[in-house]
Amino acid sequence: MAEHTPVLLDEVLGGLAVRPDGRYCDATFGRGGHTAAILRALGPAGQVVAIDRDPEAVEAGRVRFARDLRLTLVRGSFGELEECVRAAGLDGELDGVLLDLGVSSPQLDEARRGFSFMQDGPLDMRMDNEAGQSAAQWLAKATEREIADVLRTLGEERFARRIARAILAARAQGPLTRTGQLAEIVAAAVPTREPGKHPATRTFQAIRIHVNRELEQLESALPQAVRLLAPGGRLCVISFHSLEDRIVKRYIRREEQGDPVYAGLPTVPPHARPRLKRVGGAIMAGEAEVQSNPRARSAVLRVAERLAA
Ligand SMILES: C[S@@+](CC[C@H](N)C(=O)[O-])C[C@H]1O[C@@H](n2cnc3c(N)ncnc32)[C@H](O)[C@@H]1O
């Protein structure tokens, strides 16, 4: 079975400040690398609810952790974090929430999941391949402008317009159904190469983020995580993309300041008070981790603590 090496493992455990009897939510279970480490740090009374929208991830987790009754696995999206935690039967507050964003190695490595420009597969790219629109379905209908906008904003692709035009020209000849087909179209449309990078990297990343509504999911999860946390509870978010990290950084900053409407006033009602306190700055993987796990190169961890209202 395909493996996933968890990034920033010690840093996440430190960030969550795991207490043996604590209750934690791993909102991006993947192959359970972080969950396993949290479970190791917990005593018999600790609990973990782990969420993933990918049915294969949840299935693999049910097998791997079948004997550990401290873990409840939920198939769902962290955009509905509160609902997922409720579905796990956990009421009351949590001591920590972890989001390790993006895709897992098994998703990227299995050609049939359709995320890879390196190996030909169906043009899918959905983390939950039983819901929503696949990349092929989106590309079949989107306008040139919509495609170019997605490539520019989510992939920071300089040649967004050219690639979008090439996709429309190809689509007029017949449906785009394979990742290999899309990779070739992009490679032919892009006039220059970035060293060490496949010319379709940015396009695939952008379409994946769009199809999975990754930024919207993150925007929706952060306030839910804060509502779920007990005072002193920790929020840990690992981003792999500057747009994700910007959302996290701004959100924490906003929650550190409280509602600006009440700034300078002698009494601030509970709902307008700061709800988070930043714990340290951005944490990046060290040289040794990047050497052994290249995925760690772009990982950025941010940690915040829930304040009492
Ligand atoms: C980087 S991997 C997590 C790896 C995990 N920490 C580990 O150590 O194995 C991200 C996982 O989050 C899942 N995921 C991404 N967005 C999600 C969302 N909005 N809701 C639920 N799961 C999501 C993906 O399906 C993937 O399995």
# chains A, B, ... in the order shown; residues from 1 in each chain; ligands from 1
call {"tool": "residues_around", "arguments": {"residues": "A:Ser104", "least_positions_apart": "5", "cutoff": "9 Å", "atoms": "only C-alpha atoms", "output": "PyMOL selection string"}}
result
chain A and resi 3-5+30-31+109
call {"tool": "residues_around", "arguments": {"residues": "A:Arg162", "least_positions_apart": "3", "cutoff": "12 Å", "atoms": "only C-alpha atoms", "output": "count of residues only"}}
result
23
call {"tool": "closest_residue", "arguments": {"among": "A:Ala308, A:Ala17, A:Val150, A:Val103", "to": "ligand 1", "atoms": "only C-alpha atoms and all ligand atoms"}}
result
A:Val103
call {"tool": "residues_near_ligand", "arguments": {"ligand": "ligand 1", "cutoff": "9 Å", "atoms": "only C-alpha atoms and all ligand atoms", "output": "PyMOL selection string"}}
result
chain A and resi 3-7+9+26-37+51-58+75-81+98-107+126-128+212-218+221+238-240
call {"tool": "residues_around", "arguments": {"residues": "A:Val261", "least_positions_apart": "6", "cutoff": "12 Å", "atoms": "only C-alpha atoms", "output": "VMD selection string"}}
result
chain A and resid 267 to 269 271 to 273
call {"tool": "closest_residue", "arguments": {"among": "A:Glu110, A:Ile38, A:His241, A:Arg250", "to": "A:Ala296", "atoms": "only C-alpha atoms"}}
result
A:His241
call {"tool": "residues_around", "arguments": {"residues": "A:Gly46", "least_positions_apart": "5", "cutoff": "6 Å", "atoms": "only C-alpha atoms", "output": "PyMOL selection string"}}
result
chain A and resi 20-23
call {"tool": "atom_distance", "arguments": {"atom1": "atom CA of A:Val279", "atom2": "atom CA of A:Arg234"}}
result
9.0 Å
call {"tool": "closest_residue", "arguments": {"among": "A:Arg62, A:Leu307, A:Thr153, A:Leu235", "to": "A:Val18", "atoms": "only C-alpha atoms"}}
result
A:Leu235
